[in-house]
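Student: Sending over work.txt (compact mmCIF, C-alpha atoms).
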```txt
# COMPACT_ATOMS: atom_id res chain seq x y z
CA MET I 1 3.72 4.24 17.90
CA SER I 2 4.09 6.28 21.05
CA GLU I 3 2.12 9.44 21.75
CA THR I 4 5.32 11.50 21.49
CA ALA I 5 6.14 10.10 18.08
CA ALA I 6 2.56 10.58 16.88
CA THR I 7 2.59 14.30 17.67
CA ILE I 8 6.03 15.28 16.41
CA LYS I 9 6.19 18.59 14.56
CA TYR I 10 9.55 18.41 12.81
CA SER I 11 10.88 16.71 9.71
CA LYS I 12 13.05 13.66 9.25
CA GLU I 13 15.95 15.92 8.24
CA THR I 14 15.63 17.89 11.47
CA TYR I 15 15.57 14.82 13.70
CA VAL I 16 18.43 13.11 11.87
CA GLY I 17 20.43 16.35 12.08
CA TRP I 18 19.76 16.53 15.81
CA TYR I 19 20.80 12.91 16.28
CA LYS I 20 24.05 13.36 14.34
CA SER I 21 24.96 16.37 16.46
CA MET I 22 23.96 14.88 19.79
CA TYR I 23 25.51 11.47 19.17
CA LEU I 24 28.79 13.08 18.05
CA GLN I 25 28.86 15.17 21.22
CA ARG I 26 28.13 12.11 23.39
CA LYS I 27 30.81 9.90 21.81
CA PHE I 28 33.38 12.70 21.73
CA GLU I 29 32.87 13.42 25.42
CA GLU I 30 32.96 9.75 26.40
CA ARG I 31 36.31 9.35 24.69
CA ALA I 32 37.57 12.63 26.15
CA GLY I 33 36.81 11.30 29.62
CA GLN I 34 38.71 8.09 28.89
CA LEU I 35 41.68 9.97 27.44
CA TYR I 36 41.77 12.22 30.48
CA GLY I 37 42.04 9.12 32.66
CA GLN I 38 44.99 8.02 30.51
CA GLN I 39 46.60 11.46 31.02
CA LYS I 40 46.48 12.18 27.30
CA ILE I 41 44.43 15.26 28.19
CA ARG I 42 45.69 17.43 31.04
CA GLY I 43 44.38 20.31 33.11
CA PHE I 44 40.68 20.79 33.71
CA CYS I 45 38.04 18.92 31.71
CA HIS I 46 34.29 19.51 32.01
CA LEU I 47 32.13 17.07 30.07
CA TYR I 48 28.81 17.94 28.41
CA ILE I 49 27.26 14.47 28.66
CA GLY I 50 23.51 14.76 29.33
CA GLN I 51 23.16 18.32 28.08
CA GLU I 52 23.29 17.65 24.32
CA ALA I 53 19.67 18.64 23.69
CA VAL I 54 20.52 22.22 24.68
CA SER I 55 23.26 22.68 22.09
CA ALA I 56 21.48 20.78 19.30
CA GLY I 57 18.18 22.62 19.73
CA MET I 58 19.93 25.95 20.04
CA ILE I 59 21.89 25.58 16.81
CA SER I 60 18.92 24.34 14.77
CA ALA I 61 16.88 27.39 15.83
CA THR I 62 19.48 30.05 14.97
CA ASN I 63 21.56 31.16 12.02
CA GLN I 64 25.02 29.88 11.24
CA ASP I 65 26.55 33.33 11.71
CA ASP I 66 24.87 34.08 15.04
CA PRO I 67 27.69 34.42 17.60
CA ILE I 68 27.88 32.18 20.65
CA ILE I 69 29.80 32.61 23.88
CA THR I 70 29.79 30.22 26.81
CA ALA I 71 31.63 29.04 29.90
CA TYR I 72 34.19 26.26 30.27
CA ARG I 73 31.81 23.31 29.60
CA ASP I 74 32.20 24.06 25.91
CA HIS I 75 33.12 20.92 23.93
CA GLY I 76 29.56 19.96 23.00
CA LEU I 77 28.59 23.49 22.00
CA ALA I 78 31.69 23.84 19.84
CA LEU I 79 30.93 20.58 18.00
CA ALA I 80 27.29 21.59 17.54
CA LYS I 81 28.39 24.95 16.15
CA GLY I 82 30.41 23.18 13.47
CA ILE I 83 33.97 23.14 14.78
CA SER I 84 35.45 19.84 13.62
CA ALA I 85 36.12 16.93 15.96
CA ASN I 86 39.75 17.09 14.79
CA ALA I 87 40.14 20.73 15.86
CA CYS I 88 38.35 20.10 19.17
CA MET I 89 40.33 16.98 20.09
CA ALA I 90 43.63 18.59 19.09
CA GLU I 91 42.80 21.51 21.38
CA LEU I 92 42.19 19.11 24.27
CA TYR I 93 45.64 17.67 23.57
CA GLY I 94 47.16 21.18 23.46
CA LYS I 95 48.31 20.73 19.88
CA ALA I 96 48.97 23.44 17.29
CA THR I 97 46.14 22.16 15.08
CA GLY I 98 43.55 22.82 17.79
CA CYS I 99 40.79 25.39 17.42
CA ALA I 100 42.73 27.76 19.68
CA LYS I 101 46.14 26.65 18.37
CA GLY I 102 46.65 24.48 21.45
CA LYS I 103 46.80 27.51 23.73
CA GLY I 104 43.30 27.35 25.16
CA GLY I 105 42.76 23.75 26.14
CA SER I 106 39.47 22.29 27.31
CA MET I 107 38.05 25.46 28.85
CA HIS I 108 38.92 27.93 26.11
CA PHE I 109 37.71 26.70 22.73
CA PHE I 110 37.50 29.48 20.16
CA SER I 111 36.79 29.85 16.45
CA LYS I 112 36.23 33.18 14.75
CA GLU I 113 35.36 31.27 11.56
CA HIS I 114 32.46 29.53 13.33
CA HIS I 115 31.43 32.59 15.35
CA PHE I 116 32.31 30.74 18.55
CA TYR I 117 33.86 33.16 21.05
CA GLY I 118 34.72 30.88 23.97
CA GLY I 119 35.05 28.90 26.28
CA HIS I 120 35.77 31.08 29.36
CA GLY I 121 37.34 29.84 32.57
CA ILE I 122 36.32 32.70 34.86
CA VAL I 123 32.84 32.02 36.24
CA GLY I 124 30.34 34.45 34.72
CA ALA I 125 32.97 36.47 32.83
CA GLN I 126 31.34 35.63 29.50
CA ILE I 127 28.03 37.26 30.47
CA PRO I 128 29.12 40.90 29.95
CA LEU I 129 31.28 39.84 27.01
CA GLY I 130 28.20 38.36 25.33
CA ALA I 131 26.37 41.65 25.79
CA GLY I 132 29.38 43.38 24.27
CA ILE I 133 29.23 41.16 21.20
CA ALA I 134 25.52 41.93 20.88
CA PHE I 135 26.28 45.66 21.21
CA ALA I 136 28.79 45.35 18.34
CA GLU I 137 26.23 43.59 16.13
CA LYS I 138 23.64 46.28 16.83
CA TYR I 139 26.21 49.01 16.19
CA LYS I 140 27.09 47.43 12.83
CA GLY I 141 23.42 47.13 11.90
CA THR I 142 23.31 43.35 11.46
CA ASP I 143 20.37 41.14 12.41
CA LYS I 144 22.57 38.72 14.35
CA VAL I 145 21.68 37.54 17.83
CA CYS I 146 24.34 36.67 20.39
CA LEU I 147 23.65 33.54 22.43
CA THR I 148 25.27 34.01 25.83
CA LEU I 149 25.36 30.88 27.97
CA PHE I 150 26.24 30.42 31.63
CA GLY I 151 25.52 27.96 34.41
CA ASP I 152 23.35 28.20 37.50
CA GLY I 153 26.45 28.95 39.59
CA ALA I 154 27.33 31.95 37.41
CA ALA I 155 23.82 33.31 37.93
CA ARG I 156 25.09 34.39 41.38
CA GLN I 157 27.72 36.72 39.91
CA GLY I 158 27.14 40.44 40.23
CA ALA I 159 28.17 40.93 36.60
CA LEU I 160 24.92 39.27 35.55
CA HIS I 161 22.84 42.03 37.09
CA GLU I 162 24.98 44.82 35.65
CA THR I 163 24.76 43.18 32.24
CA PHE I 164 21.00 42.61 32.41
CA ASN I 165 20.54 46.28 33.25
CA LEU I 166 22.57 47.59 30.31
CA ALA I 167 21.24 44.99 27.87
CA MET I 168 17.68 46.15 28.58
CA LEU I 169 18.65 49.83 28.61
CA TRP I 170 20.25 49.53 25.17
CA ASP I 171 17.86 46.92 23.68
CA LEU I 172 20.73 44.58 22.85
CA PRO I 173 20.07 41.52 20.61
CA VAL I 174 21.24 38.93 23.12
CA ILE I 175 19.65 35.73 24.39
CA PHE I 176 20.89 35.03 27.90
CA ILE I 177 20.79 31.27 28.47
CA CYS I 178 21.26 29.73 31.89
CA GLU I 179 22.08 26.04 31.50
CA ASN I 180 20.73 25.10 34.90
CA ASN I 181 22.09 21.66 35.75
CA TYR I 182 21.16 22.30 39.40
CA TYR I 183 24.49 21.93 41.20
CA ALA I 184 27.02 24.51 39.99
CA MET I 185 30.32 22.95 41.12
CA GLY I 186 28.61 20.91 43.81
CA THR I 187 26.17 23.17 45.64
CA SER I 188 22.51 22.91 44.72
CA VAL I 189 20.53 25.95 43.63
CA SER I 190 18.31 25.65 46.72
CA ARG I 191 21.35 25.94 49.02
CA SER I 192 22.76 29.01 47.31
CA SER I 193 19.73 31.22 46.67
CA ASN I 194 16.20 31.89 47.84
CA VAL I 195 15.31 32.29 44.13
CA THR I 196 15.22 28.72 42.83
CA GLU I 197 13.20 29.56 39.72
CA LEU I 198 16.17 31.24 38.07
CA TYR I 199 14.26 32.66 35.10
CA GLN I 200 12.60 35.02 37.59
CA LEU I 201 15.88 36.93 37.83
CA GLY I 202 14.91 38.69 34.62
CA ALA I 203 11.76 40.14 36.16
CA GLY I 204 13.66 42.87 38.00
CA TYR I 205 14.71 44.27 34.63
CA SER I 206 11.39 43.69 32.81
CA MET I 207 13.27 41.21 30.62
CA PRO I 208 11.11 38.54 28.91
CA SER I 209 12.08 35.32 30.67
CA GLU I 210 10.90 31.73 30.85
CA PRO I 211 11.94 28.22 31.90
CA VAL I 212 12.64 25.53 29.28
CA ASP I 213 12.84 21.73 29.46
CA GLY I 214 16.48 21.19 28.53
CA MET I 215 16.07 17.43 28.25
CA SER I 216 13.83 17.96 25.20
CA VAL I 217 15.55 19.11 22.01
CA GLU I 218 12.15 20.13 20.61
CA ALA I 219 11.42 22.38 23.60
CA VAL I 220 14.85 24.00 23.36
CA HIS I 221 14.46 24.61 19.62
CA GLU I 222 11.06 26.26 20.07
CA ALA I 223 12.18 28.47 22.96
CA ILE I 224 15.34 29.65 21.18
CA GLU I 225 13.42 30.28 17.96
CA LYS I 226 10.91 32.44 19.84
CA ALA I 227 13.62 34.34 21.72
CA ALA I 228 15.69 34.91 18.57
CA ALA I 229 12.68 36.37 16.74
CA HIS I 230 12.13 38.74 19.67
CA CYS I 231 15.75 39.92 19.60
CA ARG I 232 15.93 40.29 15.81
CA SER I 233 12.83 42.48 15.85
CA GLY I 234 14.70 45.08 17.90
CA LYS I 235 12.85 44.44 21.16
CA GLY I 236 15.97 43.78 23.18
CA PRO I 237 17.23 40.76 25.15
CA TYR I 238 15.55 37.56 26.27
CA PHE I 239 16.40 35.26 29.18
CA LEU I 240 15.90 31.49 29.12
CA GLU I 241 16.52 29.19 32.05
CA ILE I 242 17.13 25.87 30.32
CA ARG I 243 16.82 23.10 32.88
CA THR I 244 19.16 20.27 32.01
CA TYR I 245 21.34 17.73 33.81
CA ARG I 246 24.94 16.64 33.56
CA TYR I 247 25.38 12.89 33.90
CA LYS I 248 29.03 13.25 34.91
CA GLY I 249 30.67 15.34 37.60
CA HIS I 250 31.35 19.04 37.47
CA SER I 251 34.83 18.16 36.22
CA MET I 252 36.87 14.99 35.95
CA SER I 253 38.07 15.43 39.56
CA ASP I 254 34.56 15.62 41.03
CA PRO I 255 33.68 12.76 43.45
CA GLN I 256 29.96 13.66 43.07
CA LYS I 257 29.04 13.09 46.70
CA TYR I 258 26.44 15.86 46.69
CA ARG I 259 23.79 13.91 44.73
CA THR I 260 22.40 10.41 44.96
CA LYS I 261 22.92 7.58 42.51
CA GLU I 262 19.14 7.24 42.35
CA GLU I 263 18.79 10.82 41.13
CA VAL I 264 21.39 10.37 38.41
CA LYS I 265 19.74 7.10 37.34
CA GLU I 266 16.37 8.83 37.09
CA TYR I 267 17.74 11.55 34.81
CA LYS I 268 19.56 9.01 32.67
CA SER I 269 16.20 7.36 32.04
CA ILE I 270 15.14 10.48 30.09
CA ASP I 271 18.31 10.61 27.99
CA PRO I 272 17.65 13.13 25.15
CA VAL I 273 20.01 11.33 22.77
CA LYS I 274 18.14 8.05 23.12
CA ASP I 275 14.81 9.86 22.83
CA VAL I 276 15.67 11.33 19.43
CA LYS I 277 16.92 7.94 18.23
CA ARG I 278 13.66 6.33 19.38
CA ILE I 279 11.56 8.81 17.40
CA ILE I 280 13.64 8.26 14.25
CA LEU I 281 13.08 4.52 14.49
CA GLU I 282 9.39 4.77 15.40
CA GLN I 283 8.76 7.01 12.38
CA ASN I 284 10.58 4.51 10.13
CA TRP I 285 12.82 7.33 8.91
CA MET I 286 15.81 5.02 9.28
CA SER I 287 16.15 1.31 9.88
CA GLU I 288 18.02 -0.14 12.85
CA GLN I 289 20.90 -0.96 10.51
CA GLU I 290 20.97 2.52 9.00
CA VAL I 291 21.13 4.05 12.47
CA LYS I 292 23.88 1.62 13.42
CA ASP I 293 25.82 2.55 10.28
CA LEU I 294 25.44 6.25 11.07
CA GLU I 295 26.66 5.68 14.61
CA GLY I 296 29.61 3.74 13.25
CA LYS I 297 30.61 6.67 11.03
CA ILE I 298 30.41 9.07 13.96
CA LYS I 299 32.46 6.78 16.20
CA LYS I 300 35.08 6.59 13.46
CA GLU I 301 35.07 10.38 13.19
CA VAL I 302 35.88 10.57 16.89
CA GLU I 303 38.58 7.90 16.67
CA ASP I 304 40.09 9.68 13.66
CA SER I 305 40.16 12.90 15.68
CA ILE I 306 42.22 11.15 18.37
CA LYS I 307 44.70 9.93 15.76
CA PHE I 308 44.81 13.46 14.32
CA ALA I 309 45.51 14.92 17.77
CA GLU I 310 48.16 12.32 18.57
CA GLU I 311 50.02 13.01 15.32
CA SER I 312 49.69 16.81 15.39
CA PRO I 313 52.67 18.97 16.41
CA TRP I 314 52.99 20.93 19.62
CA PRO I 315 52.77 24.72 19.30
CA ASP I 316 56.01 26.49 18.50
CA ASP I 317 57.59 28.42 21.39
CA GLN I 318 57.04 31.65 19.48
CA GLU I 319 53.29 31.16 19.82
CA LEU I 320 53.66 32.46 23.37
CA TRP I 321 54.00 35.95 21.92
CA LYS I 322 51.19 35.72 19.40
CA ASP I 323 47.44 36.43 19.70
CA ASN I 324 47.86 38.46 22.88
CA TYR I 325 47.52 41.86 21.27
CA VAL I 326 46.08 43.15 18.01
CA GLN I 327 48.14 45.58 15.95
CA PRO I 328 45.79 48.47 15.11
CA ASP I 329 45.44 49.52 11.50
CA TYR I 330 45.61 53.19 12.48
CA PRO I 331 48.35 55.22 14.24
CA PHE I 332 47.95 56.12 17.86
CA ILE I 333 47.01 59.74 18.45
CA THR I 334 49.71 61.54 20.43
CA ASP I 335 50.07 65.10 21.61
```
Give the structure from the file, written as structure tokens.

Tutor:
Amino acid sequence: MSETAATIKYSKETYVGWYKSMYLQRKFEERAGQLYGQQKIRGFCHLYIGQEAVSAGMISATNQDDPIITAYRDHGLALAKGISANACMAELYGKATGCAKGKGGSMHFFSKEHHFYGGHGIVGAQIPLGAGIAFAEKYKGTDKVCLTLFGDGAARQGALHETFNLAMLWDLPVIFICENNYYAMGTSVSRSSNVTELYQLGAGYSMPSEPVDGMSVEAVHEAIEKAAAHCRSGKGPYFLEIRTYRYKGHSMSDPQKYRTKEEVKEYKSIDPVKDVKRIILEQNWMSEQEVKDLEGKIKKEVEDSIKFAEESPWPDDQELWKDNYVQPDYPFITD
């Protein structure tokens, strides 16, 4: 038994739950990449492969009704939050049965039912929106915490600083999470800022901030749990720089010439999905065959989602005019 396995702090149910979530995300994204190459999926497509420990640890440490908002690398987070593989795959296909009725596509997943508020294509635009969601929860008197995710590239947007300022001023229950995968679209953090320890950006606002090992689902879970408790207690926001790594390019069109094959290989050697599987086997929580059977079920779930997407209808033309505006339930006040 390895030292890691000997010192684990979580239950079989927790590890198996993590593995189910992470393996589903991995297999879904692998197939999405293949389908994109076959032109079944069009437009932009940003895969989450390598970052699954962030989403799995985040969801296990928060409540089901805690709202989440993120950027355009959103497939894995949506699956972790509970949106079905069918609804996610259909959205990638642009079908009416998708989680955004086929009108959002890869970058704009959405599900009010699952408290998943995007999927946003404009870099950094979700940061002030996340603070707005947190403001609404505070106004309504709930104990919900809004998890607001963005990448290291979005940390350069001016909206982040404006949002940090107001979030601290108003003690908003929001966890700002920078998924730092080091390269934004293709420019390393060190080439775009003199502040390479991104969690330090919170210091200017006296915001509690810390770095987190995003390749460890345990570390993510613990950090999010701590930050959520801080926010729920009324102490205001928290900022986590979760250091992770994407094994694929920024998007499907990325030639990835800005990093070496050796670097990618090194990060793949600390694959968080394989690490969780190893612990499950070392603890004898499941046999090799039981794990293989579980993986088979998840692979079938993904294949079934492709069939579902293929057979689903396209959105009706009238959908162009729907979901753009909300009809108020009160009359406008006029002079």

Student: Return the single residue from I:Ala90, I:Val302, I:Val217, I:Cys146 that is closest to Asp275 in chain I, with distances computed using only C-alpha atoms.

Tutor: I:Val217

Student: Please produce, as JSON lines, a per-residue contact table for range 188-257 of chain I versus range 50-72 of chain I (criterion: any atom at most 12 Å away, all atoms listed in the file considered), showing the nearest atom pair and its distance in Å to one decimal, sorted by chain then residue number.

Tutor:
```
{"residue": "I:Val212", "atom": "CA", "partner": "I:Val54", "partner_atom": "CA", "distance": 9.7}
{"residue": "I:Asp213", "atom": "CA", "partner": "I:Val54", "partner_atom": "CA", "distance": 9.1}
{"residue": "I:Gly214", "atom": "CA", "partner": "I:Val54", "partner_atom": "CA", "distance": 5.7}
{"residue": "I:Met215", "atom": "CA", "partner": "I:Ala53", "partner_atom": "CA", "distance": 5.9}
{"residue": "I:Ser216", "atom": "CA", "partner": "I:Ala53", "partner_atom": "CA", "distance": 6.1}
{"residue": "I:Val217", "atom": "CA", "partner": "I:Ala53", "partner_atom": "CA", "distance": 4.5}
{"residue": "I:Glu218", "atom": "CA", "partner": "I:Gly57", "partner_atom": "CA", "distance": 6.6}
{"residue": "I:Ala219", "atom": "CA", "partner": "I:Gly57", "partner_atom": "CA", "distance": 7.8}
{"residue": "I:Val220", "atom": "CA", "partner": "I:Gly57", "partner_atom": "CA", "distance": 5.1}
{"residue": "I:His221", "atom": "CA", "partner": "I:Gly57", "partner_atom": "CA", "distance": 4.2}
{"residue": "I:Glu222", "atom": "CA", "partner": "I:Ala61", "partner_atom": "CA", "distance": 7.3}
{"residue": "I:Ala223", "atom": "CA", "partner": "I:Ala61", "partner_atom": "CA", "distance": 8.6}
{"residue": "I:Ile224", "atom": "CA", "partner": "I:Met58", "partner_atom": "CA", "distance": 6.0}
{"residue": "I:Glu225", "atom": "CA", "partner": "I:Ala61", "partner_atom": "CA", "distance": 5.0}
{"residue": "I:Lys226", "atom": "CA", "partner": "I:Ala61", "partner_atom": "CA", "distance": 8.8}
{"residue": "I:Ala227", "atom": "CA", "partner": "I:Ala61", "partner_atom": "CA", "distance": 9.7}
{"residue": "I:Ala228", "atom": "CA", "partner": "I:Thr62", "partner_atom": "CA", "distance": 7.1}
{"residue": "I:Ala229", "atom": "CA", "partner": "I:Thr62", "partner_atom": "CA", "distance": 9.5}
{"residue": "I:Cys231", "atom": "CA", "partner": "I:Thr62", "partner_atom": "CA", "distance": 11.5}
{"residue": "I:Arg232", "atom": "CA", "partner": "I:Thr62", "partner_atom": "CA", "distance": 10.9}
{"residue": "I:Leu240", "atom": "CA", "partner": "I:Val54", "partner_atom": "CA", "distance": 11.3}
{"residue": "I:Glu241", "atom": "CA", "partner": "I:Val54", "partner_atom": "CA", "distance": 10.9}
{"residue": "I:Ile242", "atom": "CA", "partner": "I:Val54", "partner_atom": "CA", "distance": 7.5}
{"residue": "I:Arg243", "atom": "CA", "partner": "I:Val54", "partner_atom": "CA", "distance": 9.0}
{"residue": "I:Thr244", "atom": "CA", "partner": "I:Gln51", "partner_atom": "CA", "distance": 5.9}
{"residue": "I:Tyr245", "atom": "CA", "partner": "I:Gly50", "partner_atom": "CA", "distance": 5.8}
{"residue": "I:Arg246", "atom": "CA", "partner": "I:Gly50", "partner_atom": "CA", "distance": 4.8}
{"residue": "I:Tyr247", "atom": "CA", "partner": "I:Gly50", "partner_atom": "CA", "distance": 5.3}
{"residue": "I:Lys248", "atom": "CA", "partner": "I:Gly50", "partner_atom": "CA", "distance": 8.0}
{"residue": "I:Gly249", "atom": "CA", "partner": "I:Gly50", "partner_atom": "CA", "distance": 11.0}
{"residue": "I:His250", "atom": "CA", "partner": "I:Tyr72", "partner_atom": "CA", "distance": 10.6}
{"residue": "I:Ser251", "atom": "CA", "partner": "I:Tyr72", "partner_atom": "CA", "distance": 10.1}
```

Student: Counting only C-alpha atoms, which of I:Thr163, I:Ser111, I:Thr14, I:Gln256 gets nearest to Ser188 in chain I?

Tutor: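 Closest candidate: I:Gln256.
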
Student: Show me as a ChimeraX atom specification the residues that reach within 7 Å of (40.2, 24.4, 29.7), counting all atoms listed in the file and using the file's own coordinates.

Tutor: /I:43-45,72,104-108,121

Student: Counting all atoms listed in the file, which of I:Val123, I:Leu35, I:Ile177, I:Ala184 gets nearest to Tyr199 in chain I?

Tutor: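 Among the listed residues, the smallest separation from Tyr199 in chain I belongs to I:Ile177.
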
Student: I:His75, I:Ala96, I:Tyr19, I:Ser11: which is nearest Glu310 in chain I, counting all atoms listed in the file?

Tutor: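 Checking each candidate against Glu310 in chain I, we get I:Ala96 as the closest.
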